[in-house]
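Structure data follow from run_0.cif (mmCIF, C-alpha atoms and all ligand atoms):
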data_start
#
loop_
_atom_site.label_atom_id
_atom_site.label_comp_id
_atom_site.auth_asym_id
_atom_site.auth_seq_id
_atom_site.Cartn_x
_atom_site.Cartn_y
_atom_site.Cartn_z
CA MET A 1 -31.23 72.00 3.09
CA LYS A 2 -32.83 69.75 0.49
CA GLU A 3 -36.56 69.38 0.56
CA GLU A 4 -37.63 66.14 2.19
CA ARG A 5 -39.99 63.73 0.51
CA ASP A 6 -43.45 63.82 2.04
CA VAL A 7 -43.16 61.02 4.52
CA ASP A 8 -46.03 58.62 4.15
CA ARG A 9 -45.40 56.20 6.97
CA ASP A 10 -48.26 53.93 5.89
CA HIS A 11 -46.73 53.51 2.45
CA PRO A 12 -43.00 54.00 2.75
CA ILE A 13 -40.63 53.35 -0.12
CA TYR A 14 -39.83 49.90 1.12
CA PHE A 15 -36.63 48.05 0.32
CA ASP A 16 -36.55 45.84 3.40
CA HIS A 17 -38.56 42.81 2.29
CA ALA A 18 -36.05 40.41 3.83
CA ALA A 19 -36.89 41.86 7.25
CA THR A 20 -40.60 41.41 6.67
CA ALA A 21 -42.94 41.71 3.70
CA PRO A 22 -46.17 43.70 3.55
CA VAL A 23 -49.15 41.52 4.48
CA CYS A 24 -50.97 40.89 1.21
CA ARG A 25 -54.67 41.60 0.67
CA GLU A 26 -55.47 37.90 0.26
CA ALA A 27 -53.87 37.11 3.61
CA ILE A 28 -55.74 39.91 5.38
CA GLU A 29 -59.07 38.73 3.95
CA ALA A 30 -58.42 35.09 4.80
CA MET A 31 -57.35 36.09 8.28
CA ALA A 32 -60.44 38.22 8.89
CA ASP A 33 -62.65 35.39 7.67
CA ALA A 34 -60.91 32.86 9.93
CA LEU A 35 -61.15 35.22 12.91
CA ARG A 36 -64.92 35.32 12.48
CA ARG A 37 -65.03 31.49 12.54
CA PHE A 38 -63.53 31.18 15.98
CA GLY A 39 -64.00 27.44 16.61
CA ASN A 40 -61.19 25.44 18.22
CA PRO A 41 -60.21 22.74 15.72
CA SER A 42 -59.94 20.20 18.56
CA SER A 43 -63.56 20.60 19.71
CA ARG A 44 -65.98 17.85 18.75
CA TYR A 45 -68.99 19.68 17.28
CA GLY A 46 -69.49 20.45 13.61
CA TYR A 47 -68.63 24.15 13.87
CA ALA A 48 -65.15 23.30 15.14
CA ARG A 49 -64.71 20.42 12.73
CA GLU A 50 -65.08 22.96 9.96
CA ALA A 51 -62.15 24.89 11.47
CA ALA A 52 -60.12 21.67 11.55
CA ARG A 53 -61.02 20.94 7.93
CA ARG A 54 -59.83 24.40 6.89
CA VAL A 55 -56.52 23.97 8.72
CA GLU A 56 -55.94 20.78 6.75
CA GLU A 57 -56.82 22.53 3.49
CA ASP A 58 -54.35 25.29 4.35
CA ARG A 59 -51.70 22.77 5.34
CA ALA A 60 -52.05 21.13 1.92
CA ALA A 61 -51.54 24.51 0.21
CA VAL A 62 -48.37 25.35 2.15
CA ALA A 63 -47.06 21.78 1.84
CA GLN A 64 -47.52 21.91 -1.92
CA ALA A 65 -45.42 25.09 -2.05
CA VAL A 66 -42.73 23.51 0.14
CA GLY A 67 -42.80 20.46 -2.14
CA CYS A 68 -43.85 17.91 0.49
CA THR A 69 -46.96 16.00 1.50
CA PRO A 70 -49.33 17.59 4.05
CA ASP A 71 -48.38 15.04 6.73
CA GLU A 72 -44.76 16.21 6.49
CA LEU A 73 -45.61 19.85 7.31
CA TYR A 74 -46.12 21.14 10.87
CA PHE A 75 -47.26 24.67 11.67
CA THR A 76 -45.21 26.57 14.25
CA SER A 77 -45.24 30.15 15.55
CA CYS A 78 -42.32 31.38 13.39
CA GLY A 79 -39.12 30.48 11.59
CA THR A 80 -37.20 30.81 14.83
CA GLU A 81 -39.33 28.15 16.51
CA SER A 82 -38.93 25.86 13.50
CA ASP A 83 -35.13 26.25 13.62
CA ASN A 84 -35.06 25.65 17.38
CA TRP A 85 -37.22 22.55 17.07
CA ALA A 86 -35.09 21.14 14.25
CA LEU A 87 -31.79 21.68 16.06
CA ARG A 88 -32.71 20.93 19.65
CA ARG A 89 -34.64 17.77 18.87
CA GLY A 90 -32.60 16.86 15.79
CA VAL A 91 -29.38 16.39 17.78
CA GLU A 92 -31.18 13.94 20.08
CA LEU A 93 -31.69 11.53 17.20
CA GLY A 94 -27.94 10.93 17.02
CA ARG A 95 -27.46 10.75 20.79
CA ARG A 96 -25.80 7.36 20.71
CA LYS A 97 -23.40 8.40 17.95
CA GLY A 98 -21.96 11.65 19.22
CA LYS A 99 -22.32 15.35 19.91
CA HIS A 100 -20.81 17.08 16.90
CA ILE A 101 -22.77 19.62 14.84
CA VAL A 102 -21.69 21.37 11.64
CA THR A 103 -23.18 24.70 10.63
CA THR A 104 -21.98 27.91 8.97
CA ALA A 105 -20.81 31.20 10.44
CA VAL A 106 -23.39 33.04 8.31
CA GLU A 107 -26.56 31.46 9.70
CA HIS A 108 -29.36 33.52 11.19
CA ALA A 109 -29.32 34.04 14.96
CA ALA A 110 -32.19 31.53 15.21
CA VAL A 111 -29.65 28.83 14.31
CA LEU A 112 -26.44 30.36 15.70
CA GLU A 113 -27.80 31.18 19.15
CA THR A 114 -29.39 27.72 19.36
CA CYS A 115 -26.01 26.19 18.48
CA ARG A 116 -24.38 28.29 21.20
CA ASP A 117 -26.93 26.99 23.67
CA LEU A 118 -26.24 23.43 22.55
CA GLU A 119 -22.52 24.10 23.08
CA ARG A 120 -23.34 25.02 26.68
CA GLN A 121 -25.06 21.63 26.92
CA GLY A 122 -21.92 19.78 25.82
CA TYR A 123 -22.25 19.70 22.04
CA GLU A 124 -19.31 20.66 19.84
CA VAL A 125 -20.09 22.91 16.89
CA THR A 126 -17.97 23.50 13.77
CA TYR A 127 -18.82 26.85 12.12
CA LEU A 128 -17.86 26.85 8.43
CA ARG A 129 -16.43 30.22 7.42
CA PRO A 130 -17.45 31.89 4.15
CA ASP A 131 -15.14 33.44 1.57
CA ARG A 132 -15.26 37.17 0.82
CA ALA A 133 -18.34 36.68 -1.33
CA GLY A 134 -20.15 34.88 1.48
CA ARG A 135 -19.84 31.48 -0.19
CA ILE A 136 -19.35 28.12 1.50
CA GLY A 137 -18.00 25.17 -0.53
CA VAL A 138 -19.21 21.57 -0.51
CA GLU A 139 -15.59 20.44 0.07
CA GLN A 140 -15.43 22.61 3.17
CA LEU A 141 -18.46 20.88 4.60
CA ALA A 142 -17.23 17.42 3.58
CA ALA A 143 -13.92 18.08 5.35
CA ALA A 144 -15.71 19.02 8.57
CA LEU A 145 -17.75 15.79 8.84
CA ARG A 146 -16.68 13.30 11.53
CA PRO A 147 -17.84 9.89 12.74
CA ASP A 148 -19.50 11.64 15.71
CA THR A 149 -21.31 14.28 13.57
CA VAL A 150 -25.04 14.08 14.26
CA LEU A 151 -26.48 17.14 12.55
CA VAL A 152 -25.69 19.63 9.80
CA SER A 153 -27.57 22.94 9.58
CA MET A 154 -27.17 25.12 6.49
CA MET A 155 -29.37 27.95 5.27
CA LEU A 156 -30.43 28.12 1.62
CA VAL A 157 -30.39 31.90 1.11
CA ASN A 158 -28.42 34.20 3.37
CA ASN A 159 -30.63 36.95 4.72
CA GLU A 160 -27.95 39.65 4.51
CA THR A 161 -26.13 38.92 1.27
CA GLY A 162 -28.70 37.00 -0.79
CA THR A 163 -25.98 34.41 -1.43
CA MET A 164 -27.27 30.89 -1.98
CA LEU A 165 -25.47 28.08 -0.23
CA PRO A 166 -25.10 24.77 -2.10
CA VAL A 167 -27.62 22.91 0.08
CA GLU A 168 -28.59 20.24 -2.44
CA ARG A 169 -24.99 19.21 -3.12
CA CYS A 170 -24.15 19.40 0.57
CA VAL A 171 -27.05 17.08 1.43
CA ARG A 172 -25.67 14.58 -1.07
CA ALA A 173 -22.15 14.85 0.40
CA VAL A 174 -23.42 14.43 3.95
CA LYS A 175 -25.63 11.44 3.13
CA ALA A 176 -22.80 9.81 1.19
CA PHE A 177 -20.57 10.20 4.24
CA ASP A 178 -23.22 8.90 6.65
CA PRO A 179 -26.94 8.65 5.87
CA GLY A 180 -27.63 8.85 9.62
CA ILE A 181 -26.53 12.50 9.87
CA LEU A 182 -29.60 14.71 10.02
CA PHE A 183 -29.63 17.67 7.60
CA HIS A 184 -31.55 20.80 8.58
CA CYS A 185 -32.01 23.69 6.19
CA ASP A 186 -33.13 27.14 7.30
CA GLY A 187 -35.24 27.90 4.24
CA VAL A 188 -36.81 31.10 5.61
CA GLN A 189 -35.28 33.41 2.97
CA GLY A 190 -35.50 30.85 0.19
CA PHE A 191 -39.18 29.96 0.49
CA LEU A 192 -40.93 30.93 -2.76
CA LYS A 193 -37.87 33.02 -3.71
CA THR A 194 -36.11 30.29 -5.68
CA PRO A 195 -37.50 28.02 -8.40
CA VAL A 196 -36.92 24.71 -6.55
CA PRO A 197 -39.47 23.74 -3.86
CA LEU A 198 -37.47 23.45 -0.65
CA ALA A 199 -38.31 19.85 0.24
CA ARG A 200 -36.79 18.74 -3.08
CA LEU A 201 -33.33 19.78 -1.86
CA GLY A 202 -33.19 16.49 0.02
CA ALA A 203 -32.80 17.88 3.56
CA ASP A 204 -34.52 16.04 6.41
CA LEU A 205 -35.84 19.22 7.99
CA VAL A 206 -36.66 22.62 6.48
CA ALA A 207 -37.81 25.75 8.33
CA VAL A 208 -40.02 28.39 6.69
CA SER A 209 -41.73 31.55 7.93
CA GLY A 210 -44.96 33.26 6.85
CA HIS A 211 -44.08 36.91 7.28
CA LYS A 212 -41.39 36.84 4.57
CA VAL A 213 -43.99 35.89 1.95
CA GLY A 214 -46.97 38.14 2.67
CA ALA A 215 -48.52 36.44 5.71
CA PRO A 216 -48.62 38.16 9.11
CA LYS A 217 -45.87 37.66 11.67
CA GLY A 218 -46.38 34.75 14.05
CA ILE A 219 -46.70 31.79 11.72
CA GLY A 220 -44.08 29.40 10.42
CA ALA A 221 -43.72 25.75 9.57
CA LEU A 222 -41.27 22.91 9.77
CA TYR A 223 -41.01 20.26 7.08
CA ILE A 224 -40.09 16.92 8.61
CA LYS A 225 -39.25 14.29 6.02
CA LYS A 226 -41.30 11.11 6.33
CA GLY A 227 -39.50 8.62 8.56
CA VAL A 228 -37.61 11.23 10.62
CA ARG A 229 -38.79 10.71 14.19
CA LEU A 230 -38.34 14.17 15.64
CA ARG A 231 -39.72 14.57 19.17
CA PRO A 232 -41.86 17.64 19.89
CA LEU A 233 -40.33 20.80 21.25
CA LEU A 234 -43.67 21.97 22.69
CA THR A 235 -45.65 19.38 24.62
CA GLY A 236 -49.24 19.78 25.70
CA GLY A 237 -52.58 19.05 24.05
CA GLY A 238 -51.08 17.00 21.24
CA GLN A 239 -52.06 19.17 18.26
CA GLU A 240 -50.24 18.82 14.92
CA GLY A 241 -50.26 15.02 15.15
CA GLY A 242 -48.83 15.19 18.66
CA LEU A 243 -45.68 16.92 17.46
CA ARG A 244 -46.44 20.58 18.14
CA SER A 245 -48.87 21.30 20.92
CA GLY A 246 -50.75 24.58 21.17
CA THR A 247 -54.21 25.43 19.85
CA GLU A 248 -53.86 25.89 16.12
CA ALA A 249 -53.48 29.57 15.13
CA THR A 250 -56.31 29.21 12.65
CA ALA A 251 -56.28 32.82 11.44
CA GLN A 252 -52.51 32.94 10.91
CA ILE A 253 -52.60 29.54 9.22
CA ALA A 254 -55.38 30.71 6.87
CA ALA A 255 -53.40 33.86 6.08
CA PHE A 256 -50.21 31.86 5.47
CA ALA A 257 -51.97 29.60 2.97
CA ALA A 258 -53.66 32.57 1.26
CA ALA A 259 -50.33 34.41 0.95
CA VAL A 260 -48.66 31.31 -0.45
CA ARG A 261 -51.41 30.88 -3.05
CA ALA A 262 -51.16 34.57 -4.01
CA VAL A 263 -47.39 34.42 -4.41
CA GLN A 264 -47.59 31.25 -6.49
CA ALA A 265 -50.20 32.81 -8.76
CA ASP A 266 -47.67 35.52 -9.64
CA GLY A 267 -45.82 33.43 -12.22
CA ASP A 268 -42.92 35.70 -13.21
CA ARG A 269 -42.28 37.15 -9.75
CA LEU A 270 -38.70 35.89 -9.52
CA GLU A 271 -37.71 37.43 -12.86
CA ARG A 272 -39.38 40.76 -12.00
CA THR A 273 -37.72 40.86 -8.59
CA ALA A 274 -34.31 40.12 -10.09
CA ALA A 275 -34.85 42.77 -12.77
CA ILE A 276 -35.67 45.55 -10.30
CA LYS A 277 -32.67 44.62 -8.17
CA GLU A 278 -30.42 44.73 -11.21
CA TYR A 279 -31.85 48.11 -12.21
CA THR A 280 -31.30 49.50 -8.70
CA LEU A 281 -27.71 48.27 -8.51
CA ALA A 282 -26.88 49.74 -11.92
CA LYS A 283 -28.37 53.12 -10.90
CA LEU A 284 -26.52 53.09 -7.60
CA GLU A 285 -23.22 52.39 -9.35
CA GLN A 286 -23.83 55.24 -11.81
CA THR A 287 -24.89 57.74 -9.17
CA LEU A 288 -22.63 56.92 -6.23
CA PRO A 289 -19.11 56.07 -7.46
CA GLU A 290 -17.92 55.50 -3.88
CA LEU A 291 -20.51 52.75 -3.33
CA GLU A 292 -19.24 49.14 -3.25
CA ILE A 293 -21.45 46.24 -4.27
CA VAL A 294 -20.60 43.69 -1.62
CA SER A 295 -23.00 41.04 -2.84
CA ALA A 296 -25.33 41.24 -5.82
CA GLY A 297 -27.10 38.18 -4.34
CA ASP A 298 -27.91 34.91 -6.10
CA ALA A 299 -31.46 35.02 -4.79
CA PRO A 300 -33.53 37.59 -6.65
CA HIS A 301 -34.63 39.68 -3.68
CA ILE A 302 -31.52 40.53 -1.63
CA CYS A 303 -28.27 42.40 -2.18
CA ALA A 304 -25.72 44.12 0.02
CA VAL A 305 -23.85 47.34 -0.70
CA SER A 306 -21.51 49.48 1.34
CA LEU A 307 -20.71 53.16 1.57
CA PRO A 308 -17.22 52.93 3.06
CA GLY A 309 -16.54 55.68 5.54
CA TYR A 310 -20.20 56.17 6.47
CA LYS A 311 -22.05 54.70 9.42
CA SER A 312 -24.88 52.57 8.13
CA GLU A 313 -27.12 53.13 11.19
CA VAL A 314 -26.96 56.88 10.49
CA VAL A 315 -27.62 56.42 6.77
CA VAL A 316 -30.57 54.13 7.55
CA ARG A 317 -32.01 56.75 9.93
CA VAL A 318 -31.57 59.60 7.44
CA LEU A 319 -33.24 57.53 4.70
CA GLY A 320 -35.99 56.56 7.11
CA ASP A 321 -36.72 60.23 7.82
CA ARG A 322 -37.34 60.57 4.08
CA GLY A 323 -39.72 57.62 4.05
CA VAL A 324 -37.21 55.19 2.51
CA CYS A 325 -36.75 51.91 4.39
CA VAL A 326 -33.56 49.87 4.06
CA SER A 327 -31.61 47.83 6.58
CA SER A 328 -28.09 48.08 7.95
CA GLY A 329 -28.01 44.26 7.97
CA SER A 330 -30.31 41.71 9.55
CA ALA A 331 -33.09 43.45 11.48
CA CYS A 332 -32.20 41.14 14.36
CA HIS A 333 -28.84 42.82 15.01
CA LYS A 334 -30.10 45.97 16.67
CA GLY A 335 -27.08 48.10 15.90
CA LYS A 336 -24.39 45.46 16.47
CA PRO A 337 -22.03 44.81 13.54
CA SER A 338 -23.23 41.96 11.37
CA HIS A 339 -21.59 38.58 12.07
CA VAL A 340 -22.16 37.67 8.42
CA PHE A 341 -20.13 40.53 6.93
CA ALA A 342 -17.51 40.18 9.69
CA ALA A 343 -17.15 36.46 8.84
CA MET A 344 -16.60 37.43 5.19
CA GLY A 345 -13.46 39.26 6.33
CA LEU A 346 -14.38 42.64 4.84
CA PRO A 347 -12.40 45.77 5.75
CA LYS A 348 -13.79 47.79 8.68
CA PRO A 349 -14.88 50.86 6.66
CA TRP A 350 -16.95 48.51 4.46
CA LEU A 351 -18.46 46.83 7.51
CA ASP A 352 -19.40 50.18 9.01
CA GLY A 353 -21.13 51.38 5.85
CA MET A 354 -23.05 48.19 5.02
CA LEU A 355 -26.62 48.39 3.74
CA ARG A 356 -28.93 45.54 2.84
CA LEU A 357 -31.49 46.23 0.14
CA SER A 358 -34.28 43.74 -0.36
CA PHE A 359 -36.98 43.76 -3.00
CA SER A 360 -40.37 42.39 -3.96
CA PRO A 361 -41.85 41.79 -7.40
CA ALA A 362 -44.01 44.87 -6.74
CA SER A 363 -40.98 47.17 -6.25
CA THR A 364 -40.98 49.80 -9.01
CA ARG A 365 -38.35 51.75 -10.92
CA GLU A 366 -39.80 54.98 -9.49
CA GLU A 367 -39.21 53.64 -5.99
CA ALA A 368 -35.72 52.53 -6.96
CA ASP A 369 -34.99 56.03 -8.36
CA ALA A 370 -36.27 57.58 -5.13
CA LEU A 371 -34.01 55.27 -3.11
CA VAL A 372 -30.97 56.20 -5.20
CA ARG A 373 -31.74 59.93 -4.92
CA ALA A 374 -32.27 59.68 -1.17
CA LEU A 375 -29.04 57.75 -0.72
CA LYS A 376 -27.09 60.27 -2.79
CA ASP A 377 -28.55 63.16 -0.74
CA ALA A 378 -27.88 61.33 2.51
CA ALA A 379 -24.26 60.65 1.52
CA GLU A 380 -23.76 64.30 0.52
CA SER A 381 -25.31 65.74 3.67
CA LEU A 382 -23.45 63.33 5.96
CA PHE A 383 -20.17 63.98 4.13
CA THR A 384 -20.67 67.74 4.59
CA ALA A 385 -21.54 67.21 8.24
CA LEU A 386 -18.33 65.20 8.72
CA SER A 387 -15.98 67.57 6.91
N1 LIG B 401 -33.89 32.48 9.40
C1 LIG B 401 -33.64 33.46 8.53
C2 LIG B 401 -32.66 33.23 7.43
C3 LIG B 401 -34.30 34.69 8.64
O1 LIG B 401 -34.03 35.68 7.76
C4 LIG B 401 -35.22 34.87 9.69
C5 LIG B 401 -35.89 36.18 9.88
O2 LIG B 401 -35.34 37.23 9.61
C6 LIG B 401 -35.46 33.80 10.57
C7 LIG B 401 -34.77 32.62 10.40
C8 LIG B 401 -36.43 33.92 11.69
O3 LIG B 401 -37.76 33.86 11.23
P1 LIG B 401 -38.93 34.46 12.13
O4 LIG B 401 -38.82 35.95 12.06
O5 LIG B 401 -40.19 33.94 11.50
O6 LIG B 401 -38.74 33.93 13.50
#

Kindly transcribe the structure held in the file into structure tokens.
Amino acid sequence: MKEERDVDRDHPIYFDHAATAPVCREAIEAMADALRRFGNPSSRYGYAREAARRVEEDRAAVAQAVGCTPDELYFTSCGTESDNWALRRGVELGRRKGKHIVTTAVEHAAVLETCRDLERQGYEVTYLRPDRAGRIGVEQLAAALRPDTVLVSMMLVNNETGTMLPVERCVRAVKAFDPGILFHCDGVQGFLKTPVPLARLGADLVAVSGHKVGAPKGIGALYIKKGVRLRPLLTGGGQEGGLRSGTEATAQIAAFAAAVRAVQADGDRLERTAAIKEYTLAKLEQTLPELEIVSAGDAPHICAVSLPGYKSEVVVRVLGDRGVCVSSGSACHKGKPSHVFAAMGLPKPWLDGMLRLSFSPASTREEADALVRALKDAAESLFTALS
């Protein structure tokens, strides 16, 4: 029996940044400070007005990173809420025109399950299928558009493969076909992970989430392009310009803005993230000849590999026992085979052995070496156990 690494559960060797990122120091400090200033931004006295002022300052910081003006950015509770809002209210804007939606088969459950719900309400949804590399072509989307299409939803970066979908070109194709079709982009995995600010892609709506970029869980935002008259999903006290009721989560908002500022201050983060991923993939290929690189990922922080013949849930558990955190696919699947890899038409042994590795600019070569060693040991011990 090989000696196990001392498991330090507070500081695991973490290659699951696409599931959630560590909360950065700046976000923790901003959050603690905001928690001490407990005023409700809607109250009328000066103490609360200060809270309201800070929310607007934070909105400006996040909006700048999204590439939009502050009045185009609405805070929500998470990426899932932003996606739900965009889809459920977005389709209403085309009510007189039809009930056809186009999306892709590789979207996150936040979009797919919402589309399924809309199907139950009488909408028709076309799911564009990816090729074996997880790619979707502009022509594919153009061919799916119809006179009764009201909304297109396409993610920028796939959370399981790291593949980037051609959102900018697709927006152009959709608007050329019919400027009235609303374009929603799930930008959760692309936010601050690609050089282009998301609002510049041209979509009408873009969803982002705080916990993928160093903020705590429970904060997200939706960009709504000026002129798009989306109705609220949550009604109530009329916060967020009447479009998203609910007392502002001042501490989460402060942390979101602080995390965004900290990420932006790290100028070469994308290059460093891509470099550590490349290093890890090269080491894995050298050390584990049976390993298949399913997707090296266009985005710098995500890739997918497979150990055909192994069960990824078991591998993930064995690695976890050694303090190494990776994912067997989207954390939202809870043991079910990934719809993304299934849609790519991969052989079953590949599907069974799929692992998603996701990185941060702070990931080190030592951590990558430890991951490769742990994976090699896991494969050897599981192979012996099987034979
Ligand atoms: N969209 C994508 C592509 C994601 O990866 C995730 C989270 O994993 C979400 C949406 C949901 O975001 P949240 O966890 O903030 O609800």

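The space separating CA of Leu156 in chain A from CA of Cys185 in chain A comes to 6.6 Å.
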
Mind running chain A against ligand LIG 401 (chain B) at 9 Å and telling me each contacting residue's nearest atom pair with the distance in Å (one decimal), counting only C-alpha atoms and all ligand atoms, chain and number ascending, as JSON lines?
{"residue": "A:Ala18", "atom": "CA", "partner": "B:LIG401", "partner_atom": "O1", "distance": 6.5}
{"residue": "A:Ala19", "atom": "CA", "partner": "B:LIG401", "partner_atom": "O2", "distance": 5.4}
{"residue": "A:Thr20", "atom": "CA", "partner": "B:LIG401", "partner_atom": "O2", "distance": 7.3}
{"residue": "A:Ser77", "atom": "CA", "partner": "B:LIG401", "partner_atom": "O5", "distance": 7.5}
{"residue": "A:Cys78", "atom": "CA", "partner": "B:LIG401", "partner_atom": "O5", "distance": 3.8}
{"residue": "A:Gly79", "atom": "CA", "partner": "B:LIG401", "partner_atom": "O5", "distance": 3.6}
{"residue": "A:Thr80", "atom": "CA", "partner": "B:LIG401", "partner_atom": "O6", "distance": 3.7}
{"residue": "A:Glu81", "atom": "CA", "partner": "B:LIG401", "partner_atom": "O6", "distance": 6.5}
{"residue": "A:Ser82", "atom": "CA", "partner": "B:LIG401", "partner_atom": "O6", "distance": 8.1}
{"residue": "A:Asp83", "atom": "CA", "partner": "B:LIG401", "partner_atom": "C7", "distance": 7.1}
{"residue": "A:Glu107", "atom": "CA", "partner": "B:LIG401", "partner_atom": "C2", "distance": 6.7}
{"residue": "A:His108", "atom": "CA", "partner": "B:LIG401", "partner_atom": "N1", "distance": 5.0}
{"residue": "A:Ala109", "atom": "CA", "partner": "B:LIG401", "partner_atom": "C7", "distance": 7.2}
{"residue": "A:Ala110", "atom": "CA", "partner": "B:LIG401", "partner_atom": "C7", "distance": 5.6}
{"residue": "A:Val111", "atom": "CA", "partner": "B:LIG401", "partner_atom": "N1", "distance": 7.4}
{"residue": "A:Met155", "atom": "CA", "partner": "B:LIG401", "partner_atom": "C2", "distance": 6.6}
{"residue": "A:Leu156", "atom": "CA", "partner": "B:LIG401", "partner_atom": "C2", "distance": 8.1}
{"residue": "A:Val157", "atom": "CA", "partner": "B:LIG401", "partner_atom": "C2", "distance": 6.8}
{"residue": "A:Asn158", "atom": "CA", "partner": "B:LIG401", "partner_atom": "C2", "distance": 5.9}
{"residue": "A:Asn159", "atom": "CA", "partner": "B:LIG401", "partner_atom": "O1", "distance": 4.7}
{"residue": "A:Glu160", "atom": "CA", "partner": "B:LIG401", "partner_atom": "O1", "distance": 8.0}
{"residue": "A:Asp186", "atom": "CA", "partner": "B:LIG401", "partner_atom": "N1", "distance": 5.8}
{"residue": "A:Gly187", "atom": "CA", "partner": "B:LIG401", "partner_atom": "C2", "distance": 6.7}
{"residue": "A:Val188", "atom": "CA", "partner": "B:LIG401", "partner_atom": "C1", "distance": 4.9}
{"residue": "A:Gln189", "atom": "CA", "partner": "B:LIG401", "partner_atom": "C2", "distance": 5.2}
{"residue": "A:Gly190", "atom": "CA", "partner": "B:LIG401", "partner_atom": "C2", "distance": 8.1}
{"residue": "A:Ala207", "atom": "CA", "partner": "B:LIG401", "partner_atom": "C7", "distance": 7.8}
{"residue": "A:Val208", "atom": "CA", "partner": "B:LIG401", "partner_atom": "O5", "distance": 7.3}
{"residue": "A:Ser209", "atom": "CA", "partner": "B:LIG401", "partner_atom": "O5", "distance": 4.6}
{"residue": "A:Gly210", "atom": "CA", "partner": "B:LIG401", "partner_atom": "O5", "distance": 6.7}
{"residue": "A:His211", "atom": "CA", "partner": "B:LIG401", "partner_atom": "O5", "distance": 6.5}
{"residue": "A:Lys212", "atom": "CA", "partner": "B:LIG401", "partner_atom": "O5", "distance": 7.6}
{"residue": "A:Lys217", "atom": "CA", "partner": "B:LIG401", "partner_atom": "O5", "distance": 6.8}
{"residue": "A:Gly218", "atom": "CA", "partner": "B:LIG401", "partner_atom": "O5", "distance": 6.7}
{"residue": "A:Ile219", "atom": "CA", "partner": "B:LIG401", "partner_atom": "O5", "distance": 6.9}
{"residue": "A:Gly220", "atom": "CA", "partner": "B:LIG401", "partner_atom": "O5", "distance": 6.1}
{"residue": "A:Ser330", "atom": "CA", "partner": "B:LIG401", "partner_atom": "O2", "distance": 6.7}
{"residue": "A:Ala331", "atom": "CA", "partner": "B:LIG401", "partner_atom": "O2", "distance": 6.9}
{"residue": "A:Cys332", "atom": "CA", "partner": "B:LIG401", "partner_atom": "O2", "distance": 6.9}

(request) Please indicate the distance in Å from CA of Asp148 in chain A to CA of Asp178 in chain A, rounded to one decimal place. (result) 10.2 Å

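Distance check against Arg317 in chain A using all atoms listed in the file: of A:Leu382, A:Val260, A:Ala133, A:Leu73, the minimum falls on A:Leu382.
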
Compile a residue-level contact table for range 240-326 of chain A against range 362-370 of chain A at a cut-off of 12 Å, reporting for every qualifying residue the shortest atom pair and its distance in Å to one decimal, with only C-alpha atoms counted, rows ordered by chain and ascending number, as a Markdown table.
| residue | atom | partner | partner_atom | distance |
| --- | --- | --- | --- | --- |
| A:Val263 | CA | A:Ala362 | CA | 11.2 |
| A:Asp266 | CA | A:Ala362 | CA | 10.5 |
| A:Asp268 | CA | A:Ala362 | CA | 11.3 |
| A:Arg269 | CA | A:Ala362 | CA | 8.5 |
| A:Leu270 | CA | A:Ala362 | CA | 10.8 |
| A:Glu271 | CA | A:Ala362 | CA | 11.5 |
| A:Arg272 | CA | A:Ala362 | CA | 8.1 |
| A:Thr273 | CA | A:Ser363 | CA | 7.5 |
| A:Ala274 | CA | A:Ser363 | CA | 10.4 |
| A:Ala275 | CA | A:Arg365 | CA | 9.8 |
| A:Ile276 | CA | A:Arg365 | CA | 6.8 |
| A:Lys277 | CA | A:Ala368 | CA | 8.6 |
| A:Glu278 | CA | A:Ala368 | CA | 10.3 |
| A:Tyr279 | CA | A:Arg365 | CA | 7.6 |
| A:Thr280 | CA | A:Ala368 | CA | 5.6 |
| A:Leu281 | CA | A:Ala368 | CA | 9.2 |
| A:Ala282 | CA | A:Ala368 | CA | 10.5 |
| A:Lys283 | CA | A:Asp369 | CA | 7.7 |
| A:Leu284 | CA | A:Asp369 | CA | 9.0 |
| A:Gln286 | CA | A:Asp369 | CA | 11.7 |
| A:Thr287 | CA | A:Asp369 | CA | 10.3 |
| A:His301 | CA | A:Ser363 | CA | 10.2 |
| A:Leu319 | CA | A:Ala370 | CA | 10.3 |
| A:Arg322 | CA | A:Ala370 | CA | 9.7 |
| A:Gly323 | CA | A:Ala370 | CA | 9.8 |
| A:Val324 | CA | A:Ala370 | CA | 8.1 |
| A:Cys325 | CA | A:Glu367 | CA | 10.8 |
| A:Val326 | CA | A:Ala368 | CA | 11.5 |

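Excluding Ala259 in chain A itself and same-chain residues fewer than 5 positions from it, the residues having an atom within 6 Å of it are Ala27, Gly214 and Ala215 of chain A, counting all atoms listed in the file.
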
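Going from CA of Tyr123 in chain A over to CA of Glu72 in chain A, you cover 27.6 Å.
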
(message) Excluding Glu50 in chain A and its own-chain neighbours fewer than 2 positions away, which residues fall within 12 Å of it when counting all atoms listed in the file? Please give them as a PyMOL selection string.
(response) chain A and resi 34+37-48+52-57+250

Residues around (-42.5, 19.6, -2.7), cut-off 8 Å, counting all atoms listed in the file - what are they as a CSV table (one decimal) with C-alpha atoms, in the frame of the given file?
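Listed below is the output, out-v8.csv:
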chain,number,residue,atom,x,y,z
A,63,ALA,CA,-47.1,21.8,1.8
A,64,GLN,CA,-47.5,21.9,-1.9
A,65,ALA,CA,-45.4,25.1,-2.0
A,66,VAL,CA,-42.7,23.5,0.1
A,67,GLY,CA,-42.8,20.5,-2.1
A,68,CYS,CA,-43.8,17.9,0.5
A,69,THR,CA,-47.0,16.0,1.5
A,197,PRO,CA,-39.5,23.7,-3.9
A,198,LEU,CA,-37.5,23.4,-0.6
A,199,ALA,CA,-38.3,19.8,0.2
A,200,ARG,CA,-36.8,18.7,-3.1
